[in-house]
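Participant: My structure is below; once you've seen it, I'll send some questions.
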Amino acid sequence: MAVNVDTGARTRDAATEPALGLLALFWVILARDLRVGLRRWTDASNSALFFILVVTLFPLALSPKAEQLRMIAPGVLWIAALLATLLSLQLLFRSDLEDGTLEQLLTLPYPLGWMLLAKTLAHWMITGIPVVLMAPVLAITYHLPATALAVLTLSLLLGTPTLSLLGSIGAALTAGLRGAGVLLVFIVAPLMLPVLILGARATDLALAGEDPTGPLYLLGALLVLAVSLAPIVAAGAIRVSAD
Amino acid sequence: MWTWFFRLASPPHLYALAGKLSLWFLIPAFGLLAVGTWGGLVLAPPDYQQGDAFRIIYVHVPSAYLSMMIYVTMAVAGAIGLIWRMKLAHAVAASCAPIGASFTFATLVTGAVWGKPMWGTYWDWDPRLTSELILLFLYFGYMGLRSAYEDINQADRASAILALAGVANVPIIHFSVIWWASLHQGPTLSKLEAPSISWDMLWPLLAMILAFTLYFFGVLALRVRGEVLAREFQSRWAQDVLRGTSTAGGK
């Protein structure tokens, strides 16, 4: 890795080896995680495929009537996005803990939460963005009108990063545990409910021809809250897991 | 002046103290429970709308209050354990969870039993019911995480972090659920719409809330004893207690 810390980083003022700035560090970790994540492209595509699969199941189980599909579309797409996020979370810190990358990060003289924010952002870009991009396409098959499509995509764009950030807390808490998949879902899902409610309702309101800005603003507020607090909590949890 | 606080960090001292405290809490709790039950079931007049069915509030409301209060207690104990690295605060937090889950379950069951005659249905997606159900999931998640860790120190710290994250989220969950329900369905029945609940009905309720709270602290003290003993079972004093050769904490 490009971060050379064994000598220079502790004496940041020393002219010999200037330490990495916080922003540069953020980009280094983000780029590294994106590169590693895209190389394991099956992991990345799995959550998008899972998303598509869940959305496909509902018309088969209920009925293919356009009226009914339109009515359930916001809820179905949001539930599918939530499940796809939950499925992908196990991969967030697992391999980094196993190959020792996390321990390396722990020794760096930088705030751990900041580095975890970069990692979570990379994770969202790999698993969350495909979901956000697939959602409008799938919503068309549910006969969703154009205005609701736009609101659905926007709500997912605001909401799925929050889901990933909340999930990073659960992933950090269970990173060291074997077979913690169901436990992770149990821990994290209740915390994600507000995002699910707001996202599905925003789309619902748009579908009913009403103004969805209220829940969209609230989704934005939750995202700001999650960006500023979740990495700190996840950092504390990682320290426990790496013990 | 802080010695009483520092002495709480000593397991044998806490073990003995919890033994004494459990009696100090449980005896008045059972006394008040008897008074409150008598007042609620016999002395309080039947409600002019709900008849005798309203009397379930004397179990339902104290349980609901405790289900939330215990979660906060658990998080505060966890925070004390994290910040001051007090292992015994973690023991208190761990002891809270099963009691809180039980009260949450009791709230849901008594609510369902009450809902059937009043609303004509056992379950309704009312915001308060839904929040309570989510709270039960939060307790389950907490206990699940605890039991997943083999190392007790890791279990303590991880579950304390989870409890704190949960406490920060509970208001957000609660308000989003209220907002969801207000948008989703017509005006919901308010369970305890008490513009002026009469004193005859109110005092047994207050007595029951106090009794339930004391009961919780009494049971908590008993559980903390067990938890401390389980954590310290290799030490000399715990062995003495287990063999019955110790005077710490009485019998």
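Residues in the structure tokens are numbered from 1 in each chain, the chains being A, B, ... in the order shown, and ligands are numbered from 1 in the order shown.
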Mind dumping a table of every chain A residue within 6 Å of chain B, with the nearest atom pair and its distance in Å to one decimal, using only C-alpha atoms, sorted by chain and rising number, as a tab-separated table?
Facilitator:
```
residue	atom	partner	partner_atom	distance
A:Phe186	CA	B:Gly141	CA	5.5
A:Ile187	CA	B:Gly141	CA	4.7
A:Pro194	CA	B:Ile173	CA	5.5
A:Val240	CA	B:Gln154	CA	5.9
```
Participant: Can you pull out the residues contacting A:Arg201? Cut-off 12 Å, using only C-alpha atoms, and skip same-chain residues under 6 positions away; I want them as a ChimeraX atom specification.
Facilitator: /A:71-78,148,151-152,155-156,194-195,207-208,210-216,218-219 /B:176-177,179-184
Participant: Go ahead and save the picked residues with C-alpha atoms, as an mmCIF file, in the first residue's frame.
Facilitator:
```
data_model
loop_
_atom_site.group_PDB
_atom_site.id
_atom_site.type_symbol
_atom_site.label_atom_id
_atom_site.label_comp_id
_atom_site.auth_asym_id
_atom_site.auth_seq_id
_atom_site.Cartn_x
_atom_site.Cartn_y
_atom_site.Cartn_z
ATOM 1 C CA MET A 71 -49.551 -0.048 -5.769
ATOM 2 C CA ILE A 72 -46.971 -2.368 -4.199
ATOM 3 C CA ALA A 73 -43.996 -1.141 -6.259
ATOM 4 C CA PRO A 74 -42.578 1.414 -3.745
ATOM 5 C CA GLY A 75 -42.681 -1.053 -0.872
ATOM 6 C CA VAL A 76 -41.326 -3.977 -2.877
ATOM 7 C CA LEU A 77 -38.412 -2.046 -4.369
ATOM 8 C CA TRP A 78 -37.451 -0.580 -1.026
ATOM 9 C CA ALA A 148 -42.655 8.313 -9.132
ATOM 10 C CA VAL A 151 -38.620 10.102 -6.645
ATOM 11 C CA LEU A 152 -37.890 6.394 -6.168
ATOM 12 C CA SER A 155 -34.992 8.294 -2.338
ATOM 13 C CA LEU A 156 -32.754 5.272 -2.958
ATOM 14 C CA PRO A 194 -36.839 4.661 9.621
ATOM 15 C CA VAL A 195 -35.021 4.733 6.260
ATOM 16 C CA LEU A 207 -47.320 7.839 -6.882
ATOM 17 C CA ALA A 208 -50.437 9.388 -5.344
ATOM 18 C CA GLU A 210 -48.648 14.413 -3.717
ATOM 19 C CA ASP A 211 -45.576 16.340 -2.640
ATOM 20 C CA PRO A 212 -42.775 13.963 -1.513
ATOM 21 C CA THR A 213 -40.256 16.624 -0.431
ATOM 22 C CA GLY A 214 -40.939 16.139 3.306
ATOM 23 C CA PRO A 215 -39.750 12.520 3.578
ATOM 24 C CA LEU A 216 -36.946 13.234 1.086
ATOM 25 C CA LEU A 218 -35.866 13.681 6.297
ATOM 26 C CA LEU A 219 -33.928 11.011 4.373
ATOM 27 C CA SER B 176 -40.809 7.640 12.036
ATOM 28 C CA VAL B 177 -43.293 4.965 13.067
ATOM 29 C CA TRP B 179 -45.356 9.540 11.159
ATOM 30 C CA TRP B 180 -45.825 6.372 9.115
ATOM 31 C CA ALA B 181 -49.004 5.445 10.967
ATOM 32 C CA SER B 182 -50.491 8.925 10.782
ATOM 33 C CA LEU B 183 -49.991 8.875 7.042
ATOM 34 C CA HIS B 184 -51.018 5.328 6.503
#
```
Participant: Just give me the gap between atom CA of A:Leu177 and atom CA of A:Glu103 in Å, one decimal is fine.
Facilitator: 16.1 Å
Participant: Residues of stretch 80-179 of chain B that approach stretch 2-25 of chain B to 9 Å or less, counting only C-alpha atoms: could you list each one with the shortest pair of atoms and its distance in Å to one decimal, rows by chain and increasing residue number, as a Markdown table?
Facilitator:
```
| residue | atom | partner | partner_atom | distance |
| --- | --- | --- | --- | --- |
| B:Met86 | CA | B:Ala9 | CA | 6.6 |
| B:Lys87 | CA | B:Ala9 | CA | 7.5 |
| B:Leu88 | CA | B:Ala9 | CA | 6.2 |
| B:Ala89 | CA | B:Ala9 | CA | 8.3 |
```
Participant: Which of these, B:Leu222, B:Val241, B:Ala53, B:Ala207, has the shortest distance to B:Met118 once you count only C-alpha atoms?
Facilitator: B:Ala53
Participant: Between B:Leu82, B:Tyr65, B:Ala97, B:Pro117, which residue has the minimum interatomic distance to B:Asp52, considering only C-alpha atoms?
Facilitator: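 The closest residue to B:Asp52 is B:Pro117.
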Participant: With a distance cut-off of 9 Å and only C-alpha atoms, select the neighbouring residues of A:Phe50, excluding the residue or stretch itself and same-chain residues fewer than 2 positions from it, and output the selection as JSON, numbers by chain.
Facilitator: {"A": [45, 46, 47, 48, 52, 53, 54, 55, 80, 83, 84, 87]}
Participant: Do a neighbour search on B:Gly36 at 6 Å with only C-alpha atoms, toss out local chain neighbours closer than 3 positions, and write the hits as a VMD selection string.
Facilitator: chain B and resid 32 to 33 39 to 40 204 207 to 208
Participant: Go ahead and dump the residues you just picked, N, CA and C atoms, as a tab-separated table (two decimals), in the first residue's frame.
Facilitator:
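Contents of the output file selection-v6.tsv:
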```
chain	number	residue	atom	x	y	z
B	32	LEU	N	-46.41	-3.07	47.78
B	32	LEU	CA	-47.10	-2.13	46.89
B	32	LEU	C	-47.92	-2.86	45.84
B	33	LEU	N	-47.39	-3.99	45.39
B	33	LEU	CA	-48.09	-4.79	44.39
B	33	LEU	C	-49.45	-5.23	44.94
B	39	GLY	N	-56.33	-2.01	44.97
B	39	GLY	CA	-56.89	-0.72	44.53
B	39	GLY	C	-57.40	-0.79	43.10
B	40	GLY	N	-56.64	-1.46	42.24
B	40	GLY	CA	-57.00	-1.46	40.82
B	40	GLY	C	-58.14	-2.39	40.50
B	204	PRO	N	-54.05	3.65	42.06
B	204	PRO	CA	-53.53	2.28	41.95
B	204	PRO	C	-52.53	2.13	40.81
B	207	ALA	N	-49.27	3.36	42.07
B	207	ALA	CA	-48.73	2.36	42.99
B	207	ALA	C	-48.14	1.19	42.22
B	208	MET	N	-48.83	0.76	41.14
B	208	MET	CA	-48.34	-0.37	40.37
B	208	MET	C	-47.06	-0.03	39.64
```
Participant: So which one's closest to B:Ser63, B:Ile80, B:Ala112, B:Ile209, B:Ala34? Using only C-alpha atoms, please.
Facilitator: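 Nearest to B:Ser63: B:Ile209.
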Participant: Point out the residue among B:Ala94, B:Ile99, B:Gly81, B:Tyr122 with the least atom-to-atom distance to B:Phe212, counting only C-alpha atoms.
Facilitator: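 Using only C-alpha atoms, B:Phe212 sits closest to B:Ile99.
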Participant: Please identify all polymer residues within 7 Å of stretch 91-93 of chain B, counting only C-alpha atoms, omitting same-chain residues fewer than 3 positions from it, and present them as a compact mmCIF listing (two decimals) with all heavy atoms, in the first residue's frame.
Facilitator:
```txt
# COMPACT_ATOMS: atom_id res chain seq x y z
N MET B 74 -29.95 -0.10 30.66
CA MET B 74 -28.96 -0.99 30.08
C MET B 74 -27.89 -0.20 29.31
O MET B 74 -26.69 -0.44 29.46
CB MET B 74 -29.70 -1.95 29.14
CG MET B 74 -28.91 -3.06 28.57
SD MET B 74 -30.03 -4.19 27.72
CE MET B 74 -30.12 -3.43 26.10
N ALA B 77 -25.70 1.79 31.78
CA ALA B 77 -24.74 0.89 32.43
C ALA B 77 -23.64 0.50 31.45
O ALA B 77 -22.46 0.47 31.81
CB ALA B 77 -25.46 -0.37 32.94
N GLY B 78 -24.02 0.24 30.18
CA GLY B 78 -23.02 -0.10 29.17
C GLY B 78 -22.05 1.04 28.94
O GLY B 78 -20.84 0.84 28.80
N LYS B 87 -15.96 -3.28 34.76
CA LYS B 87 -16.49 -4.56 34.29
C LYS B 87 -17.85 -4.85 34.91
O LYS B 87 -18.70 -5.48 34.30
CB LYS B 87 -15.52 -5.69 34.62
CG LYS B 87 -14.32 -5.69 33.72
CD LYS B 87 -13.40 -6.83 34.02
CE LYS B 87 -12.16 -6.72 33.15
NZ LYS B 87 -11.18 -7.74 33.46
N LEU B 88 -18.02 -4.39 36.16
CA LEU B 88 -19.27 -4.76 36.83
C LEU B 88 -20.45 -3.96 36.31
O LEU B 88 -21.59 -4.40 36.42
CB LEU B 88 -19.10 -4.60 38.34
CG LEU B 88 -18.10 -5.62 38.88
CD1 LEU B 88 -17.83 -5.40 40.35
CD2 LEU B 88 -18.60 -7.04 38.65
N CYS B 96 -29.72 -6.65 32.68
CA CYS B 96 -30.94 -5.90 32.34
C CYS B 96 -31.70 -6.55 31.19
O CYS B 96 -32.93 -6.57 31.18
CB CYS B 96 -30.58 -4.48 31.93
SG CYS B 96 -30.27 -3.37 33.29
N ALA B 97 -30.94 -7.08 30.21
CA ALA B 97 -31.56 -7.43 28.92
C ALA B 97 -32.71 -8.43 29.03
O ALA B 97 -33.80 -8.17 28.51
CB ALA B 97 -30.49 -7.93 27.96
N VAL B 224 -27.72 -9.63 38.98
CA VAL B 224 -26.34 -9.15 39.05
C VAL B 224 -25.51 -10.08 39.93
O VAL B 224 -24.36 -10.40 39.62
CB VAL B 224 -26.30 -7.69 39.56
CG1 VAL B 224 -24.89 -7.29 39.93
CG2 VAL B 224 -26.84 -6.75 38.50
N GLU B 227 -24.68 -13.00 37.88
CA GLU B 227 -23.73 -12.63 36.83
C GLU B 227 -22.32 -12.47 37.40
O GLU B 227 -21.35 -12.96 36.83
CB GLU B 227 -24.23 -11.32 36.19
CG GLU B 227 -23.46 -10.84 34.98
CD GLU B 227 -23.78 -11.60 33.70
OE1 GLU B 227 -24.90 -12.12 33.60
OE2 GLU B 227 -22.90 -11.67 32.84
N VAL B 228 -22.23 -11.77 38.56
CA VAL B 228 -20.93 -11.57 39.19
C VAL B 228 -20.31 -12.91 39.57
O VAL B 228 -19.12 -13.16 39.34
CB VAL B 228 -21.06 -10.65 40.42
CG1 VAL B 228 -19.76 -10.63 41.22
CG2 VAL B 228 -21.45 -9.26 40.01
```
Participant: Within stretch 176-209 of chain A, find each residue whose DSSP state, derived from the backbone, is alpha helix (DSSP H), and express the selection as a list in words.
Facilitator: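 DSSP on the backbone gives alpha helix (DSSP H) at Gly181, Val182, Leu183, Leu184, Val185, Phe186, Ile187, Val188, Ala189, Pro190, Leu191, Met192, Leu193, Pro194, Val195, Leu196, Ile197, Leu198, Gly199, Ala200, Arg201, Ala202, Thr203, Asp204, Leu205, Ala206 and Leu207 of chain A.
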Participant: Can you work out the spacing between atom CA of B:Leu214 and atom CA of B:Pro98 in Å, to one decimal?
Facilitator: 16.5 Å
Participant: Leaving out A:His123 and any residue of its chain fewer than 2 positions from it, which residues lie within 8 Å of it when counting only C-alpha atoms, given as a list in words?
Facilitator: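 With the cut-off at 8 Å, the set is Asp33, Leu34, Gly37, Leu92, Lys119, Thr120, Leu121, Met125, Ile126, Thr127, Gly128 and Ser164 of chain A.
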Participant: Restricted to N, CA and C atoms, what would the selected residues look like written as a PDB file, in the first residue's frame?
Facilitator:
```pdb
ATOM      1  N   ASP A  33     -10.013   0.107  -1.950  1.00  0.00           N
ATOM      2  CA  ASP A  33     -11.173  -0.752  -1.719  1.00  0.00           C
ATOM      3  C   ASP A  33     -11.971  -0.967  -2.994  1.00  0.00           C
ATOM      4  N   LEU A  34     -12.045   0.084  -3.832  1.00  0.00           N
ATOM      5  CA  LEU A  34     -12.764  -0.072  -5.100  1.00  0.00           C
ATOM      6  C   LEU A  34     -12.053  -1.091  -5.980  1.00  0.00           C
ATOM      7  N   GLY A  37     -12.576  -4.491  -4.490  1.00  0.00           N
ATOM      8  CA  GLY A  37     -13.982  -4.873  -4.624  1.00  0.00           C
ATOM      9  C   GLY A  37     -14.335  -5.247  -6.045  1.00  0.00           C
ATOM     10  N   LEU A  92     -18.310  -6.573   4.238  1.00  0.00           N
ATOM     11  CA  LEU A  92     -17.728  -5.237   4.403  1.00  0.00           C
ATOM     12  C   LEU A  92     -16.361  -5.283   5.074  1.00  0.00           C
ATOM     13  N   LYS A 119     -14.026   3.315   3.581  1.00  0.00           N
ATOM     14  CA  LYS A 119     -14.313   1.908   3.247  1.00  0.00           C
ATOM     15  C   LYS A 119     -15.808   1.698   2.985  1.00  0.00           C
ATOM     16  N   THR A 120     -16.632   2.333   3.850  1.00  0.00           N
ATOM     17  CA  THR A 120     -18.081   2.166   3.687  1.00  0.00           C
ATOM     18  C   THR A 120     -18.550   2.818   2.392  1.00  0.00           C
ATOM     19  N   LEU A 121     -17.948   3.960   2.062  1.00  0.00           N
ATOM     20  CA  LEU A 121     -18.316   4.624   0.799  1.00  0.00           C
ATOM     21  C   LEU A 121     -17.969   3.721  -0.386  1.00  0.00           C
ATOM     22  N   MET A 125     -20.485   2.208  -3.112  1.00  0.00           N
ATOM     23  CA  MET A 125     -20.334   2.425  -4.554  1.00  0.00           C
ATOM     24  C   MET A 125     -20.391   1.106  -5.311  1.00  0.00           C
ATOM     25  N   ILE A 126     -19.865   0.042  -4.690  1.00  0.00           N
ATOM     26  CA  ILE A 126     -19.835  -1.240  -5.388  1.00  0.00           C
ATOM     27  C   ILE A 126     -21.167  -1.974  -5.294  1.00  0.00           C
ATOM     28  N   THR A 127     -21.795  -1.947  -4.116  1.00  0.00           N
ATOM     29  CA  THR A 127     -23.033  -2.727  -3.958  1.00  0.00           C
ATOM     30  C   THR A 127     -24.283  -1.851  -4.026  1.00  0.00           C
ATOM     31  N   GLY A 128     -24.199  -0.604  -3.634  1.00  0.00           N
ATOM     32  CA  GLY A 128     -25.386   0.245  -3.562  1.00  0.00           C
ATOM     33  C   GLY A 128     -25.740   0.910  -4.884  1.00  0.00           C
ATOM     34  N   SER A 164     -26.054   1.554   4.304  1.00  0.00           N
ATOM     35  CA  SER A 164     -24.690   1.012   4.361  1.00  0.00           C
ATOM     36  C   SER A 164     -23.966   1.484   5.617  1.00  0.00           C
TER      37      SER A 164
END
```
Participant: Which residue gives the smallest distance to A:Leu91 among A:Leu163, A:Ala230, A:Ala44, A:Leu173, with only C-alpha atoms counted?
Facilitator: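 When distances to A:Leu91 are compared using only C-alpha atoms, the smallest one comes from A:Ala44.
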Participant: Could you work out how far atom CA of A:Ala135 lies from atom CA of A:Gly179, giving the answer in Å with one decimal?
Facilitator: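 That distance, rounded to one decimal, is 29.9 Å.
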